[in-house]
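What follows is a short report on a single structure.
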Amino acid sequence: MKMKWLGLSRAIHPADKKGTAGLAIKPLTGFSRVTIPLDMQIGPGCEAIVAKGDHVDIGDPLGKPLGAWCVPVHASVSGEVESVKKEILSDGTHTQYVTIISDGKDTVSELVKKPVVTDRESFLEAVRASGLVGLGGAAFPTHIKLNPPPDKKVDTLIVNAAECEPYITTDNRIILENADDCIAGALATAHWCGIETVVIGIEDNKKEAAAALKEAAKRAKSEGRGTVEVKVLPTSYPTGAEKVLIQLINGRIVPEGGLPADVGVIVQNVTTLWFIAKYLETGMPLVKKWITLDGGAVKTPGNFEVPIGGTIEEVIEKAGGLKAEAKKIIMGGPMMGVAVDDITRPILKHNNAILVFTEEEATLPEESACIQCGRCFRACPMKLMPAALDKAARANNADELEERHVLNCIECGSCTYVCPAKRYLVQNIRNGKALVRAARAAAREKGGQS
Ligand code: SF4
Ligand code: SF4
């Protein structure tokens, strides 16, 4: 029997641990080398156009995009290409990496020029040429997201400033330090994409940032640049999940398997839109990233601007080092981030935090048997049944996972967080999603062969 999917709505309230919220973004410079993967996005990556021994400057393209979804990847330091080779990413996939030994000069490429934007097409091409992907962590190519199929009438741009994951405070800092540019990026995007309404969603634990956005929106309106509404939402998790945010902002519910454009909405992260404003002004592509460095093992937690491709090791060292042994390193937040297997991994375009945990913080509690308390169900914003999905995933039961709509899981981790039996729910559900995708692919292949 097919289960009916019920829509969404629930939330949890983990401790926000945003102790770095008051710390301004500090640039970290002087990286000795960067190792830049040519695939840092959803969709195919790039193919190298540089070779060992080549000289590159900041902003020079390193790879040729493979297909319409792909965005270029650029050099983040000036210097000499040491190697171009295939390596394994943290998620187990293979991609080409370009390693550049810095010459310490930070010379900017002559190719870096302010883009000429005259219409929607040239705007989308500029966004693509900037190498931009969703900076909130999704890595979805921005030029694709801003260009939904022609039969979808988009009337609202929702700016995601929720930043609901514990620890992470970079969006908050970007807003506090650049509120006018955040508004400018949102208005430019709405203008060139023909979107009438712009609404920013921000949680009420970021009062100063919300006030800065409101002031900047007021200035934009009084100068005739456009209207932006700032909506302050109650702090809860996962407010920043796209489908949850849309429902909170304008009450629309994205259908199962659908996209925000199906309900007339495009959601963009606030730092993504700020970057668009900066790119339109300067033409400097995405070569730096803004990250929160935090966790019990870090000596001086803070927010930092780092070159894409700089290693986690060098970032930690330049930020002040560790005060305790690192037992676990996470890229992203504690709810949705991924554990890193090697401290020499590079900072990627969509990394927004590096968390370094001590033994005490990193020790996972022992799993025990499910006591069928229903807390995971009550916590799931997608109204799924995590305990049942977990059971089906452990049994490799792709049919049941499909029937229980496992692909609607947004991997928010709320179920794992509330489970008193400490069951590894989201980890198993993630495996369950992979199982269903593999089963679908096998069925398609079989159908194609018959
Ligand atoms: S929260 Fe944990 S113990 Fe309770 S029903 Fe869900 S899986 Fe079982
Ligand atoms: S991880 Fe998936 S199943 Fe668990 S609460 Fe989030 S959406 Fe629901």
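Identifiers for the structure tokens are assigned positionally: chains receive A, B, ... in sequence, residues are indexed from 1 per chain, and ligands are indexed from 1 in the order shown.
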
Write out as JSON, numbers by chain the set of residues from range 181-373 of chain A that DSSP, computed on the backbone, places in strand (DSSP E or B). {"A": [197, 198, 199, 200, 201, 202, 203, 229, 230, 231, 232, 233, 237, 265, 266, 267, 268, 269, 288, 289, 290, 291, 292, 293, 294, 298, 302, 303, 304, 305, 306, 307, 311, 322, 328, 329, 330, 331, 338, 339, 346, 353, 354, 355, 356, 357]}

Tell me, as a list in words, which residues lie within 10 Å of range 391-400 of chain A, counting only C-alpha atoms; anything in the same chain fewer than 2 positions away does not count.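 With the cut-off at 10 Å, the set is Met1, Lys2, Cys370, Pro386, Ala387, Ala388, Leu389, Glu402, Glu403, Arg404, His405, Val406, Leu425, Gln427, Asn428, Ile429, Arg430, Asn431, Gly432, Lys433, Ala434, Leu435, Val436, Arg437, Ala438, Ala439 and Arg440 of chain A.
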
Could you take the residues named above and write them with N, CA and C atoms, as an mmCIF file, in the first residue's frame?
```
data_model
loop_
_atom_site.group_PDB
_atom_site.id
_atom_site.type_symbol
_atom_site.label_atom_id
_atom_site.label_comp_id
_atom_site.auth_asym_id
_atom_site.auth_seq_id
_atom_site.Cartn_x
_atom_site.Cartn_y
_atom_site.Cartn_z
ATOM 1 N N MET A 1 0.843 -1.194 0.000
ATOM 2 C CA MET A 1 0.000 0.000 0.000
ATOM 3 C C MET A 1 0.885 1.254 0.000
ATOM 4 N N LYS A 2 0.533 2.191 -0.874
ATOM 5 C CA LYS A 2 1.316 3.438 -0.927
ATOM 6 C C LYS A 2 0.909 4.341 0.227
ATOM 7 N N CYS A 370 15.316 0.359 19.288
ATOM 8 C CA CYS A 370 14.244 1.353 19.159
ATOM 9 C C CYS A 370 13.149 1.039 20.185
ATOM 10 N N PRO A 386 10.997 8.156 10.367
ATOM 11 C CA PRO A 386 12.428 7.805 10.376
ATOM 12 C C PRO A 386 12.721 6.410 10.916
ATOM 13 N N ALA A 387 12.019 5.973 11.967
ATOM 14 C CA ALA A 387 12.304 4.648 12.537
ATOM 15 C C ALA A 387 12.026 3.558 11.496
ATOM 16 N N ALA A 388 10.942 3.723 10.752
ATOM 17 C CA ALA A 388 10.593 2.723 9.736
ATOM 18 C C ALA A 388 11.579 2.780 8.560
ATOM 19 N N LEU A 389 12.012 3.985 8.219
ATOM 20 C CA LEU A 389 12.988 4.130 7.127
ATOM 21 C C LEU A 389 14.316 3.490 7.533
ATOM 22 N N GLU A 402 11.033 3.148 -0.873
ATOM 23 C CA GLU A 402 10.353 3.923 -1.923
ATOM 24 C C GLU A 402 8.926 4.238 -1.492
ATOM 25 N N GLU A 403 8.240 3.243 -0.976
ATOM 26 C CA GLU A 403 6.846 3.442 -0.541
ATOM 27 C C GLU A 403 6.745 4.446 0.595
ATOM 28 N N ARG A 404 7.797 4.498 1.403
ATOM 29 C CA ARG A 404 7.778 5.428 2.542
ATOM 30 C C ARG A 404 8.443 6.767 2.192
ATOM 31 N N HIS A 405 8.629 7.008 0.904
ATOM 32 C CA HIS A 405 9.075 8.316 0.392
ATOM 33 C C HIS A 405 10.437 8.746 0.936
ATOM 34 N N VAL A 406 11.379 7.802 0.975
ATOM 35 C CA VAL A 406 12.685 8.120 1.555
ATOM 36 C C VAL A 406 13.365 9.294 0.851
ATOM 37 N N LEU A 425 19.995 7.171 12.790
ATOM 38 C CA LEU A 425 18.893 7.220 11.824
ATOM 39 C C LEU A 425 19.301 7.877 10.503
ATOM 40 N N GLN A 427 22.115 8.522 9.172
ATOM 41 C CA GLN A 427 23.169 7.802 8.439
ATOM 42 C C GLN A 427 22.560 6.655 7.634
ATOM 43 N N ASN A 428 21.665 5.889 8.285
ATOM 44 C CA ASN A 428 21.051 4.753 7.587
ATOM 45 C C ASN A 428 20.066 5.209 6.519
ATOM 46 N N ILE A 429 19.353 6.301 6.818
ATOM 47 C CA ILE A 429 18.386 6.807 5.826
ATOM 48 C C ILE A 429 19.127 7.302 4.578
ATOM 49 N N ARG A 430 20.284 7.911 4.788
ATOM 50 C CA ARG A 430 21.130 8.341 3.658
ATOM 51 C C ARG A 430 21.482 7.117 2.794
ATOM 52 N N ASN A 431 21.862 6.031 3.451
ATOM 53 C CA ASN A 431 22.152 4.797 2.705
ATOM 54 C C ASN A 431 20.903 4.313 1.974
ATOM 55 N N GLY A 432 19.752 4.456 2.647
ATOM 56 C CA GLY A 432 18.480 4.037 2.040
ATOM 57 C C GLY A 432 18.177 4.832 0.780
ATOM 58 N N LYS A 433 18.502 6.120 0.794
ATOM 59 C CA LYS A 433 18.272 6.949 -0.408
ATOM 60 C C LYS A 433 19.148 6.454 -1.566
ATOM 61 N N ALA A 434 20.402 6.128 -1.222
ATOM 62 C CA ALA A 434 21.313 5.626 -2.266
ATOM 63 C C ALA A 434 20.784 4.311 -2.844
ATOM 64 N N LEU A 435 20.207 3.496 -1.963
ATOM 65 C CA LEU A 435 19.661 2.201 -2.391
ATOM 66 C C LEU A 435 18.508 2.400 -3.385
ATOM 67 N N VAL A 436 17.627 3.339 -3.067
ATOM 68 C CA VAL A 436 16.478 3.598 -3.948
ATOM 69 C C VAL A 436 16.949 4.169 -5.283
ATOM 70 N N ARG A 437 17.914 5.080 -5.226
ATOM 71 C CA ARG A 437 18.430 5.653 -6.483
ATOM 72 C C ARG A 437 19.049 4.560 -7.340
ATOM 73 N N ALA A 438 19.780 3.654 -6.698
ATOM 74 C CA ALA A 438 20.413 2.562 -7.455
ATOM 75 C C ALA A 438 19.342 1.644 -8.046
ATOM 76 N N ALA A 439 18.292 1.386 -7.255
ATOM 77 C CA ALA A 439 17.212 0.509 -7.744
ATOM 78 C C ALA A 439 16.505 1.155 -8.931
ATOM 79 N N ARG A 440 16.274 2.473 -8.843
ATOM 80 C CA ARG A 440 15.625 3.184 -9.958
ATOM 81 C C ARG A 440 16.502 3.127 -11.224
#
```

Neighbourhood of ligand 2 at 7 Å, counting only C-alpha atoms and all ligand atoms, reported as JSON, numbers by chain: {"A": [376, 379, 380, 381, 382, 383, 384, 385, 386, 408, 409, 410, 411, 412, 413, 414, 415, 416, 425, 426, 429]}

Residue selection dump (N, CA, C and O atoms) as a PDB file, in the first residue's frame:
```
ATOM      1  N   CYS A 376      11.105  10.565  16.793  1.00  0.00           N
ATOM      2  CA  CYS A 376      11.709  10.885  15.489  1.00  0.00           C
ATOM      3  C   CYS A 376      10.614  11.310  14.494  1.00  0.00           C
ATOM      4  O   CYS A 376      10.805  12.233  13.710  1.00  0.00           O
ATOM      5  N   ALA A 379       9.546  14.802  15.200  1.00  0.00           N
ATOM      6  CA  ALA A 379      10.565  15.821  14.909  1.00  0.00           C
ATOM      7  C   ALA A 379      10.778  16.027  13.414  1.00  0.00           C
ATOM      8  O   ALA A 379      11.350  17.040  13.008  1.00  0.00           O
ATOM      9  N   CYS A 380      10.330  15.084  12.599  1.00  0.00           N
ATOM     10  CA  CYS A 380      10.687  15.141  11.164  1.00  0.00           C
ATOM     11  C   CYS A 380       9.923  16.253  10.446  1.00  0.00           C
ATOM     12  O   CYS A 380       8.695  16.215  10.367  1.00  0.00           O
ATOM     13  N   PRO A 381      10.638  17.252   9.887  1.00  0.00           N
ATOM     14  CA  PRO A 381       9.945  18.352   9.202  1.00  0.00           C
ATOM     15  C   PRO A 381       9.230  17.905   7.935  1.00  0.00           C
ATOM     16  O   PRO A 381       8.347  18.596   7.454  1.00  0.00           O
ATOM     17  N   MET A 382       9.619  16.731   7.412  1.00  0.00           N
ATOM     18  CA  MET A 382       8.997  16.230   6.187  1.00  0.00           C
ATOM     19  C   MET A 382       7.893  15.207   6.481  1.00  0.00           C
ATOM     20  O   MET A 382       7.351  14.576   5.586  1.00  0.00           O
ATOM     21  N   LYS A 383       7.568  15.042   7.767  1.00  0.00           N
ATOM     22  CA  LYS A 383       6.541  14.093   8.202  1.00  0.00           C
ATOM     23  C   LYS A 383       6.775  12.678   7.670  1.00  0.00           C
ATOM     24  O   LYS A 383       5.857  11.984   7.240  1.00  0.00           O
ATOM     25  N   LEU A 384       8.041  12.291   7.679  1.00  0.00           N
ATOM     26  CA  LEU A 384       8.385  10.909   7.327  1.00  0.00           C
ATOM     27  C   LEU A 384       8.384  10.077   8.616  1.00  0.00           C
ATOM     28  O   LEU A 384       8.225  10.610   9.710  1.00  0.00           O
ATOM     29  N   MET A 385       8.606   8.772   8.470  1.00  0.00           N
ATOM     30  CA  MET A 385       8.684   7.895   9.647  1.00  0.00           C
ATOM     31  C   MET A 385      10.118   7.365   9.745  1.00  0.00           C
ATOM     32  O   MET A 385      10.434   6.282   9.247  1.00  0.00           O
ATOM     33  N   PRO A 386      10.997   8.156  10.367  1.00  0.00           N
ATOM     34  CA  PRO A 386      12.428   7.805  10.376  1.00  0.00           C
ATOM     35  C   PRO A 386      12.721   6.410  10.916  1.00  0.00           C
ATOM     36  O   PRO A 386      13.577   5.701  10.373  1.00  0.00           O
ATOM     37  N   ASN A 408      12.214  11.981   0.012  1.00  0.00           N
ATOM     38  CA  ASN A 408      11.795  13.284   0.548  1.00  0.00           C
ATOM     39  C   ASN A 408      12.627  13.709   1.753  1.00  0.00           C
ATOM     40  O   ASN A 408      12.511  14.846   2.225  1.00  0.00           O
ATOM     41  N   CYS A 409      13.432  12.798   2.268  1.00  0.00           N
ATOM     42  CA  CYS A 409      14.267  13.142   3.428  1.00  0.00           C
ATOM     43  C   CYS A 409      15.269  14.224   3.019  1.00  0.00           C
ATOM     44  O   CYS A 409      15.962  14.095   2.020  1.00  0.00           O
ATOM     45  N   ILE A 410      15.337  15.283   3.809  1.00  0.00           N
ATOM     46  CA  ILE A 410      16.272  16.375   3.496  1.00  0.00           C
ATOM     47  C   ILE A 410      17.567  16.239   4.306  1.00  0.00           C
ATOM     48  O   ILE A 410      18.388  17.149   4.332  1.00  0.00           O
ATOM     49  N   GLU A 411      17.724  15.104   4.982  1.00  0.00           N
ATOM     50  CA  GLU A 411      18.943  14.780   5.736  1.00  0.00           C
ATOM     51  C   GLU A 411      19.266  15.842   6.782  1.00  0.00           C
ATOM     52  O   GLU A 411      20.423  16.190   7.006  1.00  0.00           O
ATOM     53  N   CYS A 412      18.215  16.360   7.422  1.00  0.00           N
ATOM     54  CA  CYS A 412      18.424  17.432   8.401  1.00  0.00           C
ATOM     55  C   CYS A 412      19.006  16.916   9.714  1.00  0.00           C
ATOM     56  O   CYS A 412      19.551  17.693  10.499  1.00  0.00           O
ATOM     57  N   GLY A 413      18.855  15.631   9.983  1.00  0.00           N
ATOM     58  CA  GLY A 413      19.422  15.050  11.213  1.00  0.00           C
ATOM     59  C   GLY A 413      18.563  15.241  12.454  1.00  0.00           C
ATOM     60  O   GLY A 413      18.949  14.830  13.549  1.00  0.00           O
ATOM     61  N   SER A 414      17.373  15.844  12.317  1.00  0.00           N
ATOM     62  CA  SER A 414      16.522  16.088  13.495  1.00  0.00           C
ATOM     63  C   SER A 414      16.136  14.779  14.177  1.00  0.00           C
ATOM     64  O   SER A 414      16.080  14.705  15.411  1.00  0.00           O
ATOM     65  N   CYS A 415      15.868  13.741  13.386  1.00  0.00           N
ATOM     66  CA  CYS A 415      15.442  12.451  13.959  1.00  0.00           C
ATOM     67  C   CYS A 415      16.553  11.868  14.833  1.00  0.00           C
ATOM     68  O   CYS A 415      16.308  11.437  15.961  1.00  0.00           O
ATOM     69  N   THR A 416      17.781  11.894  14.324  1.00  0.00           N
ATOM     70  CA  THR A 416      18.913  11.370  15.085  1.00  0.00           C
ATOM     71  C   THR A 416      19.094  12.170  16.372  1.00  0.00           C
ATOM     72  O   THR A 416      19.364  11.622  17.433  1.00  0.00           O
ATOM     73  N   LEU A 425      19.995   7.171  12.790  1.00  0.00           N
ATOM     74  CA  LEU A 425      18.893   7.220  11.824  1.00  0.00           C
ATOM     75  C   LEU A 425      19.301   7.877  10.503  1.00  0.00           C
ATOM     76  O   LEU A 425      19.167   7.288   9.436  1.00  0.00           O
ATOM     77  N   VAL A 426      19.801   9.124  10.575  1.00  0.00           N
ATOM     78  CA  VAL A 426      20.063   9.836   9.317  1.00  0.00           C
ATOM     79  C   VAL A 426      21.139   9.122   8.490  1.00  0.00           C
ATOM     80  O   VAL A 426      21.048   9.084   7.256  1.00  0.00           O
ATOM     81  N   ILE A 429      19.353   6.301   6.818  1.00  0.00           N
ATOM     82  CA  ILE A 429      18.386   6.807   5.826  1.00  0.00           C
ATOM     83  C   ILE A 429      19.127   7.302   4.578  1.00  0.00           C
ATOM     84  O   ILE A 429      18.678   7.109   3.448  1.00  0.00           O
TER      85      ILE A 429
END
```

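Listed by chain and then residue number, the contacts of ligand 1 are Cys370, Ile371, Gln372, Cys373, Gly374, Arg375, Cys376, Ala387, Cys419, Pro420, Ala421 and Arg423 of chain A (distance at most 6 Å, using only C-alpha atoms and all ligand atoms).
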
Pick from A:Pro334, A:Thr156, A:Arg120, A:Leu286 nearest to Val71 in chain A, counting only C-alpha atoms: A:Leu286

Of the listed residues A:Lys18, A:Lys289, A:Arg252, A:Lys278, that which approaches Ala126 in chain A most closely, counting only C-alpha atoms: A:Lys278

Just asking: which residues within range 140-350 of chain A are helix (DSSP H, G or I) according to DSSP, as a PyMOL selection string? chain A and resi 142-145+170-193+207-222+242-250+260-263+270-282+312-319

Leaving out Val117 in chain A and any residue of its chain fewer than 6 positions from it, which residues lie within 10 Å of it when counting only C-alpha atoms, given as a list of chain:residue names? A:Phe123, A:Leu124, A:Glu125, A:Ala126, A:Trp192, A:Leu280

Could you save those same residues with N, CA and C atoms as a CSV table (one decimal), in the first residue's frame?
```csv
chain,number,residue,atom,x,y,z
A,123,PHE,N,23.1,38.2,-17.8
A,123,PHE,CA,23.2,38.1,-16.4
A,123,PHE,C,23.5,36.6,-16.0
A,124,LEU,N,22.7,35.7,-16.6
A,124,LEU,CA,22.9,34.3,-16.2
A,124,LEU,C,24.3,33.8,-16.7
A,125,GLU,N,24.7,34.3,-17.8
A,125,GLU,CA,26.1,33.9,-18.3
A,125,GLU,C,27.1,34.5,-17.3
A,126,ALA,N,26.9,35.7,-16.8
A,126,ALA,CA,27.9,36.3,-15.9
A,126,ALA,C,27.9,35.4,-14.6
A,192,TRP,N,17.0,41.1,-13.1
A,192,TRP,CA,17.4,40.5,-14.4
A,192,TRP,C,16.6,39.2,-14.6
A,280,LEU,N,29.3,41.4,-9.9
A,280,LEU,CA,28.9,42.4,-10.9
A,280,LEU,C,29.7,43.7,-10.9
```

Quick one: pull the distance between CA of Leu407 in chain A and CA of Ala443 in chain A, Å, one decimal.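 CA of Ala443 in chain A lies 16.5 Å from CA of Leu407 in chain A.
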
Can you tell me which residues surround range 262-267 of chain A at a distance of at most 12 Å, considering only C-alpha atoms, apart from same-chain residues fewer than 5 positions away, and format the answer as a CSV table (one decimal) with N, CA and C atoms, in the first residue's frame?
```csv
chain,number,residue,atom,x,y,z
A,134,GLY,N,25.6,27.3,-5.1
A,134,GLY,CA,24.9,27.7,-3.8
A,134,GLY,C,25.9,27.7,-2.7
A,135,LEU,N,26.1,28.8,-2.0
A,135,LEU,CA,27.1,28.9,-1.0
A,135,LEU,C,26.6,28.6,0.4
A,136,GLY,N,25.3,28.3,0.5
A,136,GLY,CA,24.7,27.8,1.7
A,136,GLY,C,25.1,26.4,2.1
A,138,ALA,N,24.7,23.8,-0.5
A,138,ALA,CA,24.1,22.8,-1.4
A,138,ALA,C,25.0,22.6,-2.7
A,140,PHE,N,24.6,23.7,-5.6
A,140,PHE,CA,23.8,23.6,-6.8
A,140,PHE,C,24.2,24.8,-7.7
A,142,THR,N,24.3,28.0,-9.5
A,142,THR,CA,23.3,29.2,-9.3
A,142,THR,C,22.6,29.5,-10.7
A,143,HIS,N,23.4,29.5,-11.8
A,143,HIS,CA,22.8,29.9,-13.0
A,143,HIS,C,21.7,29.0,-13.5
A,144,ILE,N,21.7,27.7,-13.0
A,144,ILE,CA,20.7,26.8,-13.4
A,144,ILE,C,19.5,27.0,-12.5
A,145,LYS,N,19.7,27.3,-11.2
A,145,LYS,CA,18.6,27.5,-10.3
A,145,LYS,C,17.8,28.8,-10.7
A,146,LEU,N,18.6,29.8,-11.2
A,146,LEU,CA,17.9,31.0,-11.6
A,146,LEU,C,17.2,31.0,-12.9
A,147,ASN,N,17.3,29.8,-13.6
A,147,ASN,CA,16.8,29.7,-14.9
A,147,ASN,C,15.8,28.5,-15.0
A,148,PRO,N,14.7,28.5,-14.3
A,148,PRO,CA,13.8,27.4,-14.3
A,148,PRO,C,13.1,27.2,-15.6
A,149,PRO,N,12.5,26.0,-15.9
A,149,PRO,CA,11.9,25.8,-17.2
A,149,PRO,C,10.8,26.9,-17.5
A,150,PRO,N,10.6,27.2,-18.8
A,150,PRO,CA,9.8,28.3,-19.1
A,150,PRO,C,8.3,28.2,-18.6
A,151,ASP,N,7.9,27.0,-18.4
A,151,ASP,CA,6.5,26.8,-18.0
A,151,ASP,C,6.3,27.1,-16.5
A,152,LYS,N,7.4,27.4,-15.8
A,152,LYS,CA,7.2,27.7,-14.3
A,152,LYS,C,7.3,29.2,-14.2
A,153,LYS,N,6.2,29.8,-13.7
A,153,LYS,CA,6.2,31.2,-13.5
A,153,LYS,C,6.6,31.5,-12.1
A,154,VAL,N,7.8,32.1,-12.0
A,154,VAL,CA,8.4,32.4,-10.6
A,154,VAL,C,8.1,33.9,-10.3
A,155,ASP,N,7.4,34.1,-9.2
A,155,ASP,CA,7.1,35.4,-8.8
A,155,ASP,C,7.8,35.9,-7.5
A,156,THR,N,8.5,35.0,-6.8
A,156,THR,CA,9.1,35.3,-5.5
A,156,THR,C,10.5,34.8,-5.4
A,157,LEU,N,11.4,35.7,-5.0
A,157,LEU,CA,12.8,35.3,-4.7
A,157,LEU,C,12.9,35.3,-3.2
A,158,ILE,N,13.1,34.1,-2.6
A,158,ILE,CA,13.3,34.1,-1.1
A,158,ILE,C,14.8,34.0,-0.8
A,159,VAL,N,15.2,35.0,0.0
A,159,VAL,CA,16.6,35.0,0.4
A,159,VAL,C,16.8,34.3,1.7
A,160,ASN,N,17.6,33.2,1.7
A,160,ASN,CA,17.7,32.4,2.8
A,160,ASN,C,18.9,32.9,3.7
A,161,ALA,N,18.4,33.6,4.8
A,161,ALA,CA,19.4,34.1,5.8
A,161,ALA,C,19.2,33.4,7.1
A,162,ALA,N,18.6,32.2,7.1
A,162,ALA,CA,18.2,31.5,8.3
A,162,ALA,C,19.4,31.1,9.1
A,186,ALA,N,20.4,40.8,-4.1
A,186,ALA,CA,19.0,40.3,-4.2
A,186,ALA,C,18.2,41.0,-5.3
A,189,THR,N,19.4,40.4,-8.9
A,189,THR,CA,19.0,39.0,-9.3
A,189,THR,C,17.5,39.0,-9.7
A,190,ALA,N,16.7,39.7,-8.8
A,190,ALA,CA,15.3,39.7,-9.1
A,190,ALA,C,15.0,40.5,-10.4
A,193,CYS,N,16.1,38.6,-13.5
A,193,CYS,CA,15.4,37.3,-13.7
A,193,CYS,C,13.9,37.6,-13.8
A,194,GLY,N,13.5,38.8,-13.7
A,194,GLY,CA,12.0,39.2,-13.9
A,194,GLY,C,11.2,38.7,-12.7
A,195,ILE,N,11.7,38.8,-11.5
A,195,ILE,CA,10.9,38.3,-10.3
A,195,ILE,C,10.4,39.5,-9.6
A,196,GLU,N,9.1,39.6,-9.3
A,196,GLU,CA,8.5,40.8,-8.7
A,196,GLU,C,8.8,41.0,-7.2
A,197,THR,N,8.7,39.9,-6.4
A,197,THR,CA,8.8,40.0,-5.0
A,197,THR,C,10.1,39.4,-4.4
A,198,VAL,N,10.7,40.2,-3.5
A,198,VAL,CA,11.9,39.6,-2.8
A,198,VAL,C,11.6,39.6,-1.3
A,199,VAL,N,11.8,38.5,-0.7
A,199,VAL,CA,11.6,38.4,0.8
A,199,VAL,C,12.8,37.7,1.4
A,200,ILE,N,13.3,38.3,2.5
A,200,ILE,CA,14.4,37.7,3.2
A,200,ILE,C,13.9,37.0,4.4
A,201,GLY,N,14.3,35.7,4.6
A,201,GLY,CA,13.9,35.0,5.9
A,201,GLY,C,15.1,34.9,6.8
A,240,GLY,N,16.2,26.8,7.7
A,240,GLY,CA,16.9,27.1,6.5
A,240,GLY,C,16.7,26.0,5.4
A,241,ALA,N,16.1,24.9,5.7
A,241,ALA,CA,15.8,23.9,4.6
A,241,ALA,C,14.8,24.6,3.7
A,242,GLU,N,15.2,24.5,2.4
A,242,GLU,CA,14.4,25.2,1.3
A,242,GLU,C,12.9,25.1,1.4
A,243,LYS,N,12.4,23.8,1.5
A,243,LYS,CA,11.0,23.6,1.5
A,243,LYS,C,10.3,24.1,2.8
A,244,VAL,N,11.1,24.0,3.9
A,244,VAL,CA,10.5,24.5,5.2
A,244,VAL,C,10.4,26.0,5.1
A,245,LEU,N,11.5,26.7,4.6
A,245,LEU,CA,11.6,28.1,4.5
A,245,LEU,C,10.4,28.7,3.6
A,246,ILE,N,10.2,28.0,2.5
A,246,ILE,CA,9.1,28.5,1.6
A,246,ILE,C,7.8,28.5,2.3
A,247,GLN,N,7.5,27.4,3.1
A,247,GLN,CA,6.3,27.3,3.8
A,247,GLN,C,6.1,28.4,4.8
A,249,ILE,N,7.6,31.3,4.8
A,249,ILE,CA,7.6,32.7,4.3
A,249,ILE,C,6.3,32.9,3.6
A,250,ASN,N,5.8,32.1,2.7
A,250,ASN,CA,4.6,32.4,2.0
A,250,ASN,C,3.5,31.3,2.0
A,251,GLY,N,3.7,30.3,2.8
A,251,GLY,CA,2.7,29.2,3.0
A,251,GLY,C,2.6,28.3,1.9
A,252,ARG,N,3.4,28.4,0.9
A,252,ARG,CA,3.3,27.4,-0.3
A,252,ARG,C,4.0,26.1,0.0
A,253,ILE,N,3.5,25.0,-0.4
A,253,ILE,CA,4.1,23.7,-0.1
A,253,ILE,C,4.6,23.1,-1.5
A,254,VAL,N,5.9,22.9,-1.5
A,254,VAL,CA,6.5,22.3,-2.7
A,254,VAL,C,6.0,20.8,-2.8
A,255,PRO,N,5.4,20.4,-4.0
A,255,PRO,CA,4.9,19.0,-4.0
A,255,PRO,C,6.0,18.0,-4.0
A,256,GLU,N,5.6,16.8,-3.6
A,256,GLU,CA,6.6,15.7,-3.5
A,256,GLU,C,7.3,15.5,-4.8
A,257,GLY,N,8.7,15.5,-4.7
A,257,GLY,CA,9.5,15.3,-5.9
A,257,GLY,C,9.6,16.6,-6.7
A,272,THR,N,25.3,33.9,-1.3
A,272,THR,CA,25.3,33.8,-2.7
A,272,THR,C,24.9,35.1,-3.4
A,273,LEU,N,23.9,35.7,-2.9
A,273,LEU,CA,23.4,37.0,-3.5
A,273,LEU,C,24.4,38.1,-3.3
```
